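For reference, the structure discussed in these notes is given below.
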Amino acid sequence: MDYIIMIAAMGAVTFFPRWMPLFFLTRYNLSGWFVEWLELLPASILAAILIPALVTSGEPRCLDMFRPEMWVAIPTFIFALATRSLGGTVIVGMVLFWLVRTWII
Amino acid sequence: MFLMKPTTQPANAGRKLAQGAAAAWPICLGYLPIGLAFGVLAQKAGLTPFQIGLMSIFVFAGSSQFIAVSMLAAGASLMPIVMTTFMVNLRHLLMSSSLAALLGKESRLKLSLFAYGVTDESFAVNYTRLGNDAWDLDRSLVVNHTANLMWLISTVAGGYFGHLIPAHAFGIDYALTAMFICLLIFQMKNRIAVLTAVVAGILAVVLALVIPGNAYIVLASILAAWIGVMIKRAGR
């Protein structure tokens with residue numbers, strides 16, 4: 001029972017930030033700068049999630065530029081830029097990472 | 001399931017379902033190893049596969065589920081676990097706001113069902129596609145709930161037999177990173193966007209090095225997007 005209460009509470013605090021903007025913001029005409037900000041937000045979020053994952057490691061985190069994650073990211077990036085294929089990029093990234101992990105490092 | 005409910009154009013529903021599922025498969029591929037790993041950890045922390053499945057349904061948030069399970073294993077009580085979950089998932093407030101700017105006056109039931117499935121991955125896939133005329137909330141709903149189903153299946157499977165699978169098989173632990181690389185490229189629509197992403201990346205690395213936890217994602221995103229707007233307006 002305690003477990004149910006815990007996951008229900010976890011679910012509530014997870015759902016609320018996901019739900020509030022979609023439920024309310026879609027009803028208003030947003031002002032110009034706010035829309036511009038929202039348009040730049042996805043690129044910011046993706047970079048902010050991705051880049052630290054490539055160049056930092058450990059807990060507490062340290063700068064670590066030469067990880068296999070970073071090496072593999074370069075050809076994966078080029079492949080994605082050239083093909084613009086999401087599925088293809090995922091496969092190429094996986095295979096390269098697997099090869100690097102298995103044969104090099 | 002609610003996804004199968006006949007819509008006003010029943011002939012279209014099947015196609016939307018297929019297109020949504022096709023867009024979701026890279027996410028599913030990425031969720032598989034993470035879900036399995038989560039299942040293994042959760043099982044080691046003393047959760048049954050049934051409890052694991054319940055958590056995946058109620059919470060559906062990878063990183064906070066991992067943290068919750070490690071806190072449970074360490075004997076943490078309810079409030080710290082719930083508070084940590086809230087902090088870890090606060091970034092979705094930003095993602096849902098961006099999605100809201102693309103979605104107009106849709107049915108609030110659909111928007112709520114959609115909100116339940118907003119994750120880093122589904123957000124990025126849907127945001128990229130919602131800019132196109134050929135994409136809509138229905139297809140986005142399918143993306144979210146296909147990913148959710150995959151998460152549920154893989155976490156429960158991990159609880160049963162995840163320990164049998166070698167940890168780094170086939171480089172599958174790189175799937176989500178590769179996906180984010182491609183999704184980031186999709187967002188590079190103009191010079192301001194590229195500049196903003198560079199600023200966000202640098203800020204995020206610096207903040208990640210100085211503050212513990214994942215607050216760096218929210219802080220760096222808010223700041224970088226704001227700097228981007230300033231640069232854009234200054235250039236006019």
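Just remember, in the structure tokens the first chain shown is A, the second B, etc., residues are 1-based per chain, and ligands are 1-based in the order shown.
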
Using only C-alpha atoms, find each residue of chain B with at least one atom at most 7 Å away from an atom of chain A; report its shortest atom-to-atom pair and that distance in Å (one decimal), sort the rows by chain and rising residue number, and return the result as JSON lines.
```
{"residue": "B:Pro26", "atom": "CA", "partner": "A:Gly87", "partner_atom": "CA", "distance": 5.5}
{"residue": "B:Met55", "atom": "CA", "partner": "A:Ile7", "partner_atom": "CA", "distance": 5.8}
{"residue": "B:Phe58", "atom": "CA", "partner": "A:Gly11", "partner_atom": "CA", "distance": 5.0}
{"residue": "B:Val59", "atom": "CA", "partner": "A:Gly11", "partner_atom": "CA", "distance": 4.2}
{"residue": "B:Leu78", "atom": "CA", "partner": "A:Met6", "partner_atom": "CA", "distance": 6.0}
{"residue": "B:Val82", "atom": "CA", "partner": "A:Met10", "partner_atom": "CA", "distance": 5.2}
{"residue": "B:Thr85", "atom": "CA", "partner": "A:Met10", "partner_atom": "CA", "distance": 6.2}
{"residue": "B:Phe86", "atom": "CA", "partner": "A:Val13", "partner_atom": "CA", "distance": 5.2}
{"residue": "B:Asn89", "atom": "CA", "partner": "A:Thr14", "partner_atom": "CA", "distance": 5.9}
{"residue": "B:Leu90", "atom": "CA", "partner": "A:Pro17", "partner_atom": "CA", "distance": 6.1}
{"residue": "B:His92", "atom": "CA", "partner": "A:Arg18", "partner_atom": "CA", "distance": 5.3}
{"residue": "B:Leu93", "atom": "CA", "partner": "A:Pro17", "partner_atom": "CA", "distance": 4.5}
{"residue": "B:Ser96", "atom": "CA", "partner": "A:Arg18", "partner_atom": "CA", "distance": 5.6}
{"residue": "B:Ser97", "atom": "CA", "partner": "A:Pro21", "partner_atom": "CA", "distance": 5.0}
{"residue": "B:Ser98", "atom": "CA", "partner": "A:Leu38", "partner_atom": "CA", "distance": 5.0}
{"residue": "B:Ala100", "atom": "CA", "partner": "A:Leu22", "partner_atom": "CA", "distance": 5.0}
{"residue": "B:Ala101", "atom": "CA", "partner": "A:Thr26", "partner_atom": "CA", "distance": 6.5}
{"residue": "B:Leu103", "atom": "CA", "partner": "A:Thr26", "partner_atom": "CA", "distance": 6.3}
{"residue": "B:Gly104", "atom": "CA", "partner": "A:Thr26", "partner_atom": "CA", "distance": 5.4}
{"residue": "B:Lys105", "atom": "CA", "partner": "A:Thr26", "partner_atom": "CA", "distance": 5.9}
{"residue": "B:Arg108", "atom": "CA", "partner": "A:Phe23", "partner_atom": "CA", "distance": 6.3}
{"residue": "B:Leu111", "atom": "CA", "partner": "A:Leu22", "partner_atom": "CA", "distance": 6.2}
{"residue": "B:Ser112", "atom": "CA", "partner": "A:Trp19", "partner_atom": "CA", "distance": 6.0}
{"residue": "B:Ala115", "atom": "CA", "partner": "A:Trp19", "partner_atom": "CA", "distance": 4.8}
{"residue": "B:Tyr116", "atom": "CA", "partner": "A:Phe15", "partner_atom": "CA", "distance": 5.8}
{"residue": "B:Val118", "atom": "CA", "partner": "A:Arg18", "partner_atom": "CA", "distance": 6.3}
{"residue": "B:Phe170", "atom": "CA", "partner": "A:Trp98", "partner_atom": "CA", "distance": 5.4}
{"residue": "B:Gly171", "atom": "CA", "partner": "A:Trp98", "partner_atom": "CA", "distance": 4.0}
{"residue": "B:Ile172", "atom": "CA", "partner": "A:Met94", "partner_atom": "CA", "distance": 5.5}
{"residue": "B:Tyr174", "atom": "CA", "partner": "A:Met94", "partner_atom": "CA", "distance": 5.3}
{"residue": "B:Ala175", "atom": "CA", "partner": "A:Val90", "partner_atom": "CA", "distance": 5.3}
{"residue": "B:Thr177", "atom": "CA", "partner": "A:Leu50", "partner_atom": "CA", "distance": 6.9}
{"residue": "B:Ala178", "atom": "CA", "partner": "A:Val90", "partner_atom": "CA", "distance": 5.0}
{"residue": "B:Met179", "atom": "CA", "partner": "A:Val90", "partner_atom": "CA", "distance": 5.4}
{"residue": "B:Phe180", "atom": "CA", "partner": "A:Leu50", "partner_atom": "CA", "distance": 6.5}
{"residue": "B:Ile181", "atom": "CA", "partner": "A:Phe77", "partner_atom": "CA", "distance": 6.1}
{"residue": "B:Cys182", "atom": "CA", "partner": "A:Ala80", "partner_atom": "CA", "distance": 5.3}
{"residue": "B:Leu184", "atom": "CA", "partner": "A:Leu46", "partner_atom": "CA", "distance": 5.9}
{"residue": "B:Ile185", "atom": "CA", "partner": "A:Leu81", "partner_atom": "CA", "distance": 6.6}
{"residue": "B:Gln187", "atom": "CA", "partner": "A:Ala43", "partner_atom": "CA", "distance": 5.5}
{"residue": "B:Ala193", "atom": "CA", "partner": "A:Leu40", "partner_atom": "CA", "distance": 6.2}
{"residue": "B:Thr196", "atom": "CA", "partner": "A:Ser44", "partner_atom": "CA", "distance": 6.2}
{"residue": "B:Ala197", "atom": "CA", "partner": "A:Ser44", "partner_atom": "CA", "distance": 5.0}
{"residue": "B:Ala200", "atom": "CA", "partner": "A:Ser44", "partner_atom": "CA", "distance": 5.1}
{"residue": "B:Gly201", "atom": "CA", "partner": "A:Ala47", "partner_atom": "CA", "distance": 5.0}
{"residue": "B:Ala204", "atom": "CA", "partner": "A:Ala48", "partner_atom": "CA", "distance": 5.0}
{"residue": "B:Val205", "atom": "CA", "partner": "A:Pro52", "partner_atom": "CA", "distance": 4.9}
{"residue": "B:Ala208", "atom": "CA", "partner": "A:Pro52", "partner_atom": "CA", "distance": 6.8}
{"residue": "B:Leu209", "atom": "CA", "partner": "A:Arg61", "partner_atom": "CA", "distance": 5.6}
{"residue": "B:Pro212", "atom": "CA", "partner": "A:Pro60", "partner_atom": "CA", "distance": 6.9}
{"residue": "B:Ile217", "atom": "CA", "partner": "A:Ala48", "partner_atom": "CA", "distance": 5.3}
{"residue": "B:Ala220", "atom": "CA", "partner": "A:Ala48", "partner_atom": "CA", "distance": 6.4}
{"residue": "B:Ser221", "atom": "CA", "partner": "A:Ser44", "partner_atom": "CA", "distance": 4.8}
{"residue": "B:Ala224", "atom": "CA", "partner": "A:Ser44", "partner_atom": "CA", "distance": 6.2}
{"residue": "B:Ala225", "atom": "CA", "partner": "A:Leu40", "partner_atom": "CA", "distance": 5.2}
{"residue": "B:Trp226", "atom": "CA", "partner": "A:Trp37", "partner_atom": "CA", "distance": 6.1}
{"residue": "B:Gly228", "atom": "CA", "partner": "A:Leu40", "partner_atom": "CA", "distance": 6.9}
{"residue": "B:Val229", "atom": "CA", "partner": "A:Trp37", "partner_atom": "CA", "distance": 5.9}
```

**Study point:** Per-residue DSSP, segment 96-215 of chain B, filtered to helix (DSSP H, G or I), as a ChimeraX atom specification
**Key:** /B:96-102,108-116,120-130,137-164,169-186,191-210,215
